[in-house]
Number of protein chains: 4
Amino acid sequence: MFSATVKPRFYETDAFRHVNNIVVAGWFETAREPIFNIFNDGGEAYELPLILAKIEINYVAQIYYGHEVTLKTAIEHVGNSSFIVRHEAWQQGKLVATGTAVQVHFDHNTQKSQPLSDSLRAELTAHLASDPETPIQ
Amino acid sequence: MFSATVKPRFYETDAFRHVNNIVVAGWFETAREPIFNIFNDGGEAYELPLILAKIEINYVAQIYYGHEVTLKTAIEHVGNSSFIVRHEAWQQGKLVATGTAVQVHFDHNTQKSQPLSDSLRAELTAHLASDPETPIQ
Amino acid sequence: MFSATVKPRFYETDAFRHVNNIVVAGWFETAREPIFNIFNDGGEAYELPLILAKIEINYVAQIYYGHEVTLKTAIEHVGNSSFIVRHEAWQQGKLVATGTAVQVHFDHNTQKSQPLSDSLRAELTAHLASDPETPIQ
Amino acid sequence: MFSATVKPRFYETDAFRHVNNIVVAGWFETAREPIFNIFNDGGEAYELPLILAKIEINYVAQIYYGHEVTLKTAIEHVGNSSFIVRHEAWQQGKLVATGTAVQVHFDHNTQKSQPLSDSLRAELTAHLASDPETPIQ
């Protein structure tokens with residue numbers, strides 16, 4: 001649904017000579033940026049009315065320096081005031097990592113979660129992954 | 001069981017003026033280092049016979065720059081060739097993040113998982129958290 | 001001479017709500033990767049026969065999240081066994097950072113610097129910036 | 001004058017199996033935090049009336065994972081509205097990196113540099129390194 005390409009940077013490797021595990025958490029945050037834009041089109045980054053409640057990352061295969069990584073991102077579930085994002089990282093035609101992120105629609109002034117409006121819900125639903133068991137198209 | 005203290009670094013903050021979410025994944029990796037030492041005492045870091053299969057992080061409260069964070073770490077479960085580590089991050093007496101990490105005992109030469117020996121199992125079991133519902137002591 | 005584009009990532013911002021200063025050091029390393037390839041075409045990253053002796057970064061203007069940054073890179077000077085790389089970062093038509101990096105041609109086996117061959121010297125010289133006082137073309 | 005200890009984190013290594021060069025820039029920022037506190041005692045980090053104009057880092061020797069690093073920091077020069085910080089990183093009794101940072105006293109409201117008051121100048125001068133050619137005591 002959303003697709004982005006990152007090129008592993010040398011400083012993102014570690015002593016195992018692969019990309020460090022932590023880096024994938026950063027790439028997945030970067031892959032969520034088009035979703036952030038749904039909530040904050042034109043505003044400042046720090047006004048984004050979302051907070052991150054939970055992440056989960058599955059390290060499926062080693063990720064190498066020297067080859068581009070494609071990040072595929074879709075919406076897995078839309079709740080009342082939160083939604084779940086689903087991530088995949090592919091390198092050289094191989095699935096190397098998957099993950100999810102639970103984002104909460106949040107009002108920074110009241111410091112409370114807030115329901116998703118119908119229009120936000122519609123925009124998120126348009127990016128819903130059809131089937132959690134099949135790769136993101 | 002294992003305890004470590006980190007002081008948030010200025011570059012670990014983000015535009016929300018809190019510690020960035022990704023940073024917690026790095027801190028939890030750092031908190032697992034005493035466990036890595038069980039597997040690699042005296043060896044080179046890159047010889048560590050462990051790979052990371054999965055992480056999960058729950059962001060419970062905002063983490064601020066300017067106050068130390070205590071990382072508490074215990075073993076949640078010991079399997080045949082893998083084990084689950086449980087993490088907590090505390091700041092100013094408040095639980096700010098929890099997480100787990102699934103580590104697999106791995107032979108880098110054969111590129112296969114390998115069973116945990118009785119002595120490794122005994123060392124890990126000594127750090128078992130008594131009850132997943134109560135904070136790590 | 002060499003040009004690359006990076007999009008600031010959210011986790012690269014800090015509490016000042018700009019891109020953190022440290023990040024620029026990483027971007028400039030990334031901008032040197034085409035130069036690394038001159039020395040290591042097809043080899044593994046860790047076999048790269050170069051070490052970094054010195055970096056210098058001038059922070060000219062604030063770097064914002066939400067706008068691409070163009071990294072321009074050229075060779076400033078070719079010495080006997082080392083060379084100086086010159087970097088510029090541009091955002092929205094404005095010069096936001098400059099820097100240099102001194103790289104030493106290094107033999108990891110003997111742990112000693114080694115002279116640049118004529119062919120390496122020729123390749124580096126082809127990317128020489130004409131005049132240190134004018135922007136990199 | 002100021003001393004801090006950091007333990008290299010696993011994710012701070014790179015494929016060369018040493019600490020990555022970029023990491024040192026972050027450590028030196030961390031080593032300047034006691035100086036930041038002179039300017040911002042009790043205030044929020046983002047209110048700090050300082051900006052970074054320039055950094056320089058000399059990589060003297062490889063920095064290894066598994067051994068603590070001591071960061072020694074002093075003031076090298078106090079100017080009218082700016083000052084230069086001098087850094088050293090030591091590991092296992094060996095000098096592994098040196099550096100400087102030019103910090104400018106800055107008014108974020110007017111977006112202009114501002115002179116250092118006599119009391120700030122006195123505090124900085126108290127941490128002046130006696131001789132730039134000898135190690136920081």
# chains A, B, ... in the order shown; residues from 1 in each chain; ligands from 1
>>> interface_residues(of="chain D", to="chain B", cutoff="10 Å", atoms="only C-alpha atoms", output="PyMOL selection string")
chain D and resi 6-13+15+17+26-27+29-31+33+42-46+64-66
>>> select_by_dssp(residues="region 1-128 of chain B", states="strand (DSSP E or B)", output="PyMOL selection string")
chain B and resi 2-6+13+19+50-59+69-78+82-91+94-107+112-113+128
>>> select_by_dssp(residues="chain C", states="alpha helix (DSSP H)", output="list in words")
Asn21, Ile22, Val23, Val24, Ala25, Gly26, Trp27, Phe28, Glu29, Thr30, Ala31, Glu33, Pro34, Ile35, Phe36, Asn37, Ile38, Phe39, Asn40, Asp118, Ser119, Leu120, Arg121, Ala122, Glu123, Leu124 and Thr125 of chain C
>>> write_last_selection(atoms="C-alpha atoms", output="short mmCIF file (atom, residue, chain, number, x, y, z; two decimals), in the first residue's frame")
data_model
loop_
_atom_site.label_atom_id
_atom_site.label_comp_id
_atom_site.auth_asym_id
_atom_site.auth_seq_id
_atom_site.Cartn_x
_atom_site.Cartn_y
_atom_site.Cartn_z
CA ASN C 21 23.99 17.85 14.77
CA ILE C 22 25.31 14.31 15.05
CA VAL C 23 23.12 13.16 12.17
CA VAL C 24 25.09 15.30 9.71
CA ALA C 25 28.23 13.28 10.49
CA GLY C 26 26.30 10.15 9.47
CA TRP C 27 24.94 11.74 6.29
CA PHE C 28 28.43 12.81 5.25
CA GLU C 29 29.69 9.25 5.82
CA THR C 30 26.84 8.08 3.57
CA ALA C 31 27.83 10.70 0.97
CA GLU C 33 30.04 5.74 -0.11
CA PRO C 34 30.65 6.27 -3.88
CA ILE C 35 34.25 7.05 -2.93
CA PHE C 36 34.42 3.90 -0.80
CA ASN C 37 33.32 1.99 -3.91
CA ILE C 38 36.39 3.24 -5.80
CA PHE C 39 38.46 1.36 -3.22
CA ASN C 40 36.28 -1.66 -2.71
CA ASP C 118 48.52 5.78 -9.69
CA SER C 119 45.15 4.42 -10.77
CA LEU C 120 43.49 5.25 -7.42
CA ARG C 121 45.10 8.68 -7.53
CA ALA C 122 43.75 9.21 -11.06
CA GLU C 123 40.23 8.20 -10.03
CA LEU C 124 40.27 10.52 -7.02
CA THR C 125 41.77 13.39 -9.02
#
>>> residues_around(residues="region 67-81 of chain C", least_positions_apart="3", cutoff="6 Å", atoms="only C-alpha atoms", output="ChimeraX atom specification")
/C:1-7,84-91,105,114-116,127-129
>>> residues_around(residues="Val104 (chain A)", least_positions_apart="5", cutoff="8 Å", atoms="only C-alpha atoms", output="JSON, numbers by chain")
{"A": [50, 51, 52, 53, 81, 82, 83, 113]}
>>> write_last_selection(atoms="N, CA and C atoms", output="short mmCIF file (atom, residue, chain, number, x, y, z; two decimals), in the first residue's frame")
data_model
loop_
_atom_site.label_atom_id
_atom_site.label_comp_id
_atom_site.auth_asym_id
_atom_site.auth_seq_id
_atom_site.Cartn_x
_atom_site.Cartn_y
_atom_site.Cartn_z
N LEU A 50 -0.46 11.97 17.14
CA LEU A 50 -0.32 10.52 17.27
C LEU A 50 0.76 10.22 18.30
N ILE A 51 0.54 9.18 19.09
CA ILE A 51 1.64 8.64 19.88
C ILE A 51 1.76 7.15 19.58
N LEU A 52 2.95 6.64 19.82
CA LEU A 52 3.21 5.23 19.56
C LEU A 52 2.98 4.46 20.86
N ALA A 53 2.13 3.45 20.81
CA ALA A 53 1.83 2.68 22.03
C ALA A 53 2.64 1.40 22.10
N SER A 81 -9.95 4.71 18.70
CA SER A 81 -9.05 5.86 18.74
C SER A 81 -7.61 5.45 18.40
N SER A 82 -7.44 4.23 17.94
CA SER A 82 -6.10 3.79 17.59
C SER A 82 -6.15 2.92 16.35
N PHE A 83 -4.99 2.62 15.80
CA PHE A 83 -4.94 1.74 14.63
C PHE A 83 -3.61 1.00 14.63
N SER A 113 -6.20 10.33 24.63
CA SER A 113 -6.52 9.77 23.31
C SER A 113 -7.83 10.38 22.84
#
>>> atom_distance(atom1="CA of Lys54 (chain C)", atom2="CA of Gly93 (chain C)")
27.9 Å
>>> atom_distance(atom1="CA of Gly99 (chain C)", atom2="CA of Lys94 (chain D)")
27.4 Å
>>> atom_distance(atom1="CA of Asp107 (chain D)", atom2="CA of Asp14 (chain C)")
18.0 Å
